[in-house]
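Written out below as structure tokens is the structure these notes cover.
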Amino acid sequence: MAAVVLAATRLLRGSGSWGCSRLRFGPPAYRRFSSGGAYPNIPLSSPLPGVPKPVFATVDGQEKFETKVTTLDNGLRVASQNKFGQFCTVGILINSGSRYEAKYLSGIAHFLEKLAFSSTARFDSKDEILLTLEKHGGICDCQTSRDTTMYAVSADSKGLDTVVALLADVVLQPRLTDEEVEMTRMAVQFELEDLNLRPDPEPLLTEMIHEAAYRENTVGLHRFCPTENVAKINREVLHSYLRNYYTPDRMVLAGVGVEHEHLVDCARKYLLGVQPAWGSAEAVDIDRSVAQYTGGIAKLERDMSNVSLGPTPIPELTHIMVGLESCSFLEEDFIPFAVLNMMMGGGGSFSAGGPGKGMFSRLYLNVLNRHHWMYNATSYHHSYEDTGLLCIHASADPRQVREMVEIITKEFILMGGTVDTVELERAKTQLTSMLMMNLESRPVIFEDVGRQVLATRSRKLPHELCTLIRNVKPEDVKRVASKMLRGKPAVAALGDLTDLPTYEHIQTALSSKDGRLPRTYRLFR
């Protein structure tokens with residue numbers, strides 16, 4: 001008890017081991033700047049007199065954004081981008097995908113995506129690959145699209161040699177054992193079932209709109225493996241495809257956060273003169289077809305009443321996607337189309353947020369805010385090296401499908417009308433901010449570098465793209481929209497399609513001045 005009283009007394013008095021400060025009353029005392037004994041009155045925000053001015057390492061304004069590209073003797077391109085930090089993202093992008101499967105069984109690219117990072121000549125299993133990456137804090141991924149296949153690894157920069165060696169083995173030396181192919185069949189089958197059962201119909205509608213727009217050619221071919229082909233794809237089929245499309249001249253080794261010379265040395269060491277698992281025969285059957293836009297309709301009648309059950313089930317909806325041909329990402333009109341897509345914007349009717357979420361875009365102001373019964377209205381822009389597709393996806397109760405389609409056709413017609421300066425500036429600012437925010441992420445920079453170098457052998461820098469966006473004028477948007485409206489529409493429809501207007505009526509509405517559907521008369525009601 002005596003010890004507690006003694007400690008409390010010392011604390012109140014501030015004496016002994018508790019220090020020599022005292023509790024003070026009255027006006028506060030202002031202490032002097034604690035810059036050290038030699039310079040007692042100089043604040044920390046000011047330079048010290050007599051001390052030499054520090055010299056820091058500087059990087060030229062262009063150099064920090066510059067993408068370096070080197071082409072090896074076998075045609076493989078090596079591209080890298082400076083980004084300082086402990087980790088790097090490195091990968092191989094290949095000009096390969098579902099659009100090149102016209103002479104093959106559809107679904108090969110889907111199979112290859114699932115087979116990625118399986119056993120190779122050097123690694124006996126996927127687990128061994130993951131353990132090797134784990135030593136460098138690494139993760140791996142493979143993604144396929146309609147025109148590109150991408151194998152990527154993010155890991156510590158010190159493990160670059162190991163990462164490039166592993167990527168070379170995964171891409172050029174896969175074993176594709178019977179067991180792995182069988183496991184992939186099961187994974188593909190599960191994904192197809194999930195695609196048809198999931199409440200979000202957007203992936204299925206995107207597949208359908210491409211099928212309608214590019215009937216049986218290039219980007220209109222199935223991205224997902226058709227059910228009837230799942231059992232037919234085997235090691236021989238995969239090798240015949242890989243022999244033609246996994247060639248060095250169709251590849252880019254891209255890296256972000258690595259030294260360019262080091263990456264080139266690794267590429268020469270592991271990707272030059274390597275004998276692939278399918279042999280070194282010359283590629284003889286490469287599909288060089290240019291996308292042919294056909295327009296058309298793809299319909300899928302389905303009961304959507306029990307898609308999402310539970311305490312708060314999603315109501316039964318019919319989903320419509322209407323699209324028109326835009327342009328390729330290599331054309332000058334690509335930027336005005338991107339601005340137009342941002343201007344249309346849209347989203348779900350229950351989305352929350354402010355202008356940053358596109359609440360002032362046309363599909364919110366003109367559609368969702370005026371028609372409470374519409375569940376969704378969103379604009380999408382798909383662009384490839386030889387074509388493009390601008391679409392609007394809308395969903396509503398099956399009884400209001402006709403009215404919904406007419407609202408969408410009217411919005412398409414309004415695209416070719418007057419463009420307000422304020423909405424244009426807002427769309428340009430939003431597009432610029434999204435571009436720059438996305439490019440803060442290392443994996444996004446990697447994909448941007450790889451895709452651009454794969455398509456054009458060079459890369460447009462972010463500030464160049466921002467300048468192009470700033471230079472878009474109202475007449476540019478009106479011009480590209482008017483040109484787009486002269487084409488045939490592509491339509492995808494999913495759900496209860498009893499009241500869906502005919503394709504000819506939708507086409508007529510998009511050719512009219514006001515976007516109205518022709519009147520229909522029924523003899524019996």
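Letters for chains follow the order of the structure tokens (A, B, ...), residue numbers begin at 1 for each chain, and ligand numbers begin at 1 in the order shown.
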Could you name the residues that touch Asp285 of chain A at 10 Å or less, counting only C-alpha atoms, but leaving out those on the same chain fewer than 5 positions away, as a list in words? Lys103, Ser240, Tyr241, Arg243, Asn244 and Tyr245 of chain A
Could you take the residues named above and write them with all heavy atoms, as a compact mmCIF listing (two decimals), in the first residue's frame?
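Result file again.txt:
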# COMPACT_ATOMS: atom_id res chain seq x y z
N LYS A 103 -10.92 -23.87 -88.63
CA LYS A 103 -10.56 -25.16 -89.24
C LYS A 103 -10.34 -26.26 -88.21
O LYS A 103 -9.86 -27.34 -88.53
CB LYS A 103 -9.30 -24.99 -90.09
CG LYS A 103 -9.48 -24.02 -91.25
CD LYS A 103 -8.20 -23.82 -92.02
CE LYS A 103 -8.40 -22.79 -93.13
NZ LYS A 103 -7.15 -22.53 -93.86
N SER A 240 -2.00 -30.18 -82.91
CA SER A 240 -2.14 -29.68 -84.29
C SER A 240 -2.42 -28.18 -84.29
O SER A 240 -1.97 -27.46 -85.19
CB SER A 240 -3.26 -30.43 -85.01
OG SER A 240 -4.52 -30.13 -84.44
N TYR A 241 -3.15 -27.69 -83.28
CA TYR A 241 -3.43 -26.25 -83.15
C TYR A 241 -2.17 -25.52 -82.68
O TYR A 241 -1.79 -24.48 -83.25
CB TYR A 241 -4.58 -26.03 -82.17
CG TYR A 241 -4.91 -24.57 -81.94
CD1 TYR A 241 -5.78 -23.90 -82.78
CD2 TYR A 241 -4.36 -23.88 -80.86
CE1 TYR A 241 -6.09 -22.56 -82.56
CE2 TYR A 241 -4.66 -22.55 -80.63
CZ TYR A 241 -5.52 -21.89 -81.49
OH TYR A 241 -5.82 -20.57 -81.28
N ARG A 243 0.91 -26.26 -82.99
CA ARG A 243 1.96 -26.25 -84.02
C ARG A 243 1.85 -25.02 -84.93
O ARG A 243 2.84 -24.46 -85.36
CB ARG A 243 1.87 -27.55 -84.83
CG ARG A 243 3.06 -27.79 -85.75
CD ARG A 243 2.97 -29.17 -86.39
NE ARG A 243 3.10 -30.24 -85.40
CZ ARG A 243 2.13 -31.08 -85.08
NH1 ARG A 243 0.94 -31.01 -85.66
NH2 ARG A 243 2.33 -32.02 -84.17
N ASN A 244 0.63 -24.59 -85.19
CA ASN A 244 0.42 -23.47 -86.11
C ASN A 244 0.41 -22.10 -85.42
O ASN A 244 0.80 -21.11 -86.02
CB ASN A 244 -0.91 -23.64 -86.86
CG ASN A 244 -0.81 -24.67 -87.97
OD1 ASN A 244 0.15 -24.68 -88.73
ND2 ASN A 244 -1.79 -25.57 -88.05
N TYR A 245 -0.05 -22.06 -84.16
CA TYR A 245 -0.28 -20.75 -83.54
C TYR A 245 0.67 -20.42 -82.38
O TYR A 245 0.80 -19.26 -82.01
CB TYR A 245 -1.74 -20.65 -83.07
CG TYR A 245 -2.67 -20.60 -84.26
CD1 TYR A 245 -3.36 -21.73 -84.66
CD2 TYR A 245 -2.81 -19.45 -85.01
CE1 TYR A 245 -4.19 -21.72 -85.78
CE2 TYR A 245 -3.64 -19.41 -86.12
CZ TYR A 245 -4.33 -20.54 -86.50
OH TYR A 245 -5.13 -20.49 -87.61
Could you give me, as a Markdown table, a per-residue list for segment 387-430 of chain A showing, wherever an atom lies at most 9 Å from an atom of segment 202-211 of chain A, the closest pair of atoms and their distance in Å to one decimal, using only C-alpha atoms and sorting by chain then residue number from low to high?
| residue | atom | partner | partner_atom | distance |
| --- | --- | --- | --- | --- |
| A:Leu389 | CA | A:His210 | CA | 8.4 |
| A:Cys391 | CA | A:Ile209 | CA | 8.5 |
| A:His393 | CA | A:Glu202 | CA | 8.3 |
Write out as a VMD selection string each polymer residue whose atoms come within 12 Å of Arg519 of chain A, counting only C-alpha atoms; drop sequence neighbours fewer than 6 positions from it. chain A and resid 402 to 403 406 501 to 502 505 to 506 508 to 509
Give the answer as one residue: which of A:Phe446, A:Leu439, A:Asp147, A:Cys140 has the shortest atom-to-atom distance to Asp127 of chain A, using only C-alpha atoms?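 That would be A:Cys140, the residue with the smallest distance to Asp127 of chain A.
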Quick one: distance from atom CA of Met186 of chain A to atom CA of Glu101 of chain A in Å, one decimal?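 Going from atom CA of Met186 of chain A over to atom CA of Glu101 of chain A covers 21.3 Å.
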Residues at most 10 Å from segment 333-343 of chain A, counting only C-alpha atoms, excluding those fewer than 6 positions away in the same chain, as an MDAnalysis selection string? chainID A and resid 326:327 358 360:363 378:383 388:392 415 419 423:432 465:466 468:481 484
Can you pull out every residue from segment 272-402 of chain A that DSSP, working from the backbone, puts in alpha helix (DSSP H), and format the result as a CSV table (one decimal) with C-alpha atoms, in the first residue's frame?
chain,number,residue,atom,x,y,z
A,334,PHE,CA,-11.5,4.2,-81.7
A,335,ILE,CA,-11.0,7.1,-79.3
A,336,PRO,CA,-14.3,8.9,-80.2
A,337,PHE,CA,-16.1,5.5,-79.9
A,338,ALA,CA,-14.6,5.0,-76.4
A,339,VAL,CA,-15.8,8.5,-75.4
A,340,LEU,CA,-19.3,7.7,-76.9
A,341,ASN,CA,-19.4,4.5,-74.8
A,342,MET,CA,-18.5,6.4,-71.7
A,343,MET,CA,-21.1,9.0,-72.5
A,344,MET,CA,-23.8,6.3,-72.7
A,362,ARG,CA,-27.3,9.1,-70.9
A,401,VAL,CA,-39.9,-6.3,-73.7
A,402,ARG,CA,-41.3,-4.4,-76.7
Nearest to Val307 of chain A: which of A:Leu195, A:Ala155, A:Val256, A:Cys88 is it, counting only C-alpha atoms?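 Closest to Val307 of chain A of all the choices is A:Leu195.
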Test item: residues at most 12 Å from Gly85 of chain A, only C-alpha atoms, excluding those fewer than 4 positions along its chain, as a PyMOL selection string: chain A and resi 89+155-158+256-259+442
Selection file, C-alpha atoms, as a PDB file, in the first residue's frame:
ATOM      1  CA  THR A  89       4.865  -9.024 -63.597  1.00  0.00           C
ATOM      2  CA  ALA A 155       6.872 -12.499 -58.415  1.00  0.00           C
ATOM      3  CA  ASP A 156       9.892 -10.926 -56.723  1.00  0.00           C
ATOM      4  CA  SER A 157      12.121  -9.234 -59.317  1.00  0.00           C
ATOM      5  CA  LYS A 158      15.135 -11.217 -58.052  1.00  0.00           C
ATOM      6  CA  VAL A 256       6.856  -4.658 -65.932  1.00  0.00           C
ATOM      7  CA  GLY A 257       9.245  -3.791 -63.121  1.00  0.00           C
ATOM      8  CA  VAL A 258      12.292  -5.457 -64.727  1.00  0.00           C
ATOM      9  CA  GLU A 259      15.505  -4.315 -66.415  1.00  0.00           C
ATOM     10  CA  ARG A 442       1.289  -3.346 -62.401  1.00  0.00           C
TER      11      ARG A 442
END
For Pro174 of chain A, work out the shell of residues within 12 Å, counting only C-alpha atoms and skipping chain neighbours fewer than 4 positions away, then give it as a list in words.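 So the residues in contact are Leu112, Leu115, Ala116, Phe117, Ser118, Ser119, Thr120, Ala121, Arg122, Phe123, Asp124, Ser125, Lys126, Leu166, Leu167, Ala168, Asp169, Val170, Glu180, Val181, Arg235, Leu238, His239, Leu242, Tyr246, Gln275, Pro276, Ala277 and Trp278 of chain A.
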For the selection you just gave me, I'd like the residues written to a file as a tab-separated table (two decimals), in the first residue's frame, keeping C-alpha atoms.
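Generated output (again-v8.tsv):
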chain	number	residue	atom	x	y	z
A	112	LEU	CA	-5.65	-24.61	-73.27
A	115	LEU	CA	-4.51	-26.80	-69.00
A	116	ALA	CA	-2.10	-23.90	-68.39
A	117	PHE	CA	0.57	-24.33	-65.70
A	118	SER	CA	0.10	-28.12	-65.59
A	119	SER	CA	2.98	-30.61	-65.83
A	120	THR	CA	5.82	-29.83	-68.25
A	121	ALA	CA	9.15	-31.33	-69.33
A	122	ARG	CA	10.82	-29.93	-66.17
A	123	PHE	CA	7.94	-29.97	-63.69
A	124	ASP	CA	6.03	-33.14	-62.83
A	125	SER	CA	2.86	-31.40	-61.62
A	126	LYS	CA	1.08	-28.09	-61.14
A	166	LEU	CA	9.17	-21.53	-66.01
A	167	LEU	CA	7.05	-19.56	-68.52
A	168	ALA	CA	9.07	-20.95	-71.45
A	169	ASP	CA	8.50	-24.48	-70.15
A	170	VAL	CA	4.77	-23.95	-69.56
A	180	GLU	CA	-4.79	-33.74	-67.28
A	181	VAL	CA	-6.94	-33.62	-70.42
A	235	ARG	CA	-3.77	-34.31	-77.12
A	238	LEU	CA	-4.34	-29.64	-79.21
A	239	HIS	CA	-0.89	-30.31	-80.74
A	242	LEU	CA	-0.33	-25.40	-81.08
A	246	TYR	CA	2.30	-21.11	-80.73
A	275	GLN	CA	12.28	-27.41	-79.47
A	276	PRO	CA	8.54	-27.33	-78.56
A	277	ALA	CA	6.75	-30.47	-77.37
A	278	TRP	CA	4.77	-30.71	-80.64
Using only C-alpha atoms, which of the listed residues (A:Thr247, A:Asn366, A:Thr218, A:Gln452) sits closest to Gly75 of chain A?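 Among A:Thr247, A:Asn366, A:Thr218, A:Gln452, it is A:Thr247 that comes nearest to Gly75 of chain A.
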Just to confirm, what's the straight-line distance from atom CA of Gly515 of chain A to atom CA of Glu216 of chain A in Å (one decimal)? 29.0 Å
When you count only C-alpha atoms, which of these residues is closest to Leu172 of chain A: A:Phe87, A:Phe111, A:Tyr270, A:Tyr214?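 Among the listed residues, the smallest separation from Leu172 of chain A belongs to A:Tyr270.
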Please indicate the distance in Å from atom CA of Leu160 of chain A to atom CA of Asn82 of chain A, rounded to one decimal place.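 Going from atom CA of Leu160 of chain A over to atom CA of Asn82 of chain A, I get 14.5 Å.
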Could you name the residues that touch Thr409 of chain A at 10 Å or less, counting only C-alpha atoms, but leaving out those on the same chain fewer than 2 positions away, as a ChimeraX atom specification? /A:322,392,404-407,411-414,506-512,514-517
Which is closest to Glu113 of chain A among A:Thr70, A:Ala165, A:Arg198, A:Arg223, if we use only C-alpha atoms?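 Among the listed residues, the smallest separation from Glu113 of chain A belongs to A:Arg223.
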Nearest to Asp161 of chain A: which of A:Ala187, A:Ala231, A:Val264, A:Ala213 is it, counting only C-alpha atoms? A:Val264
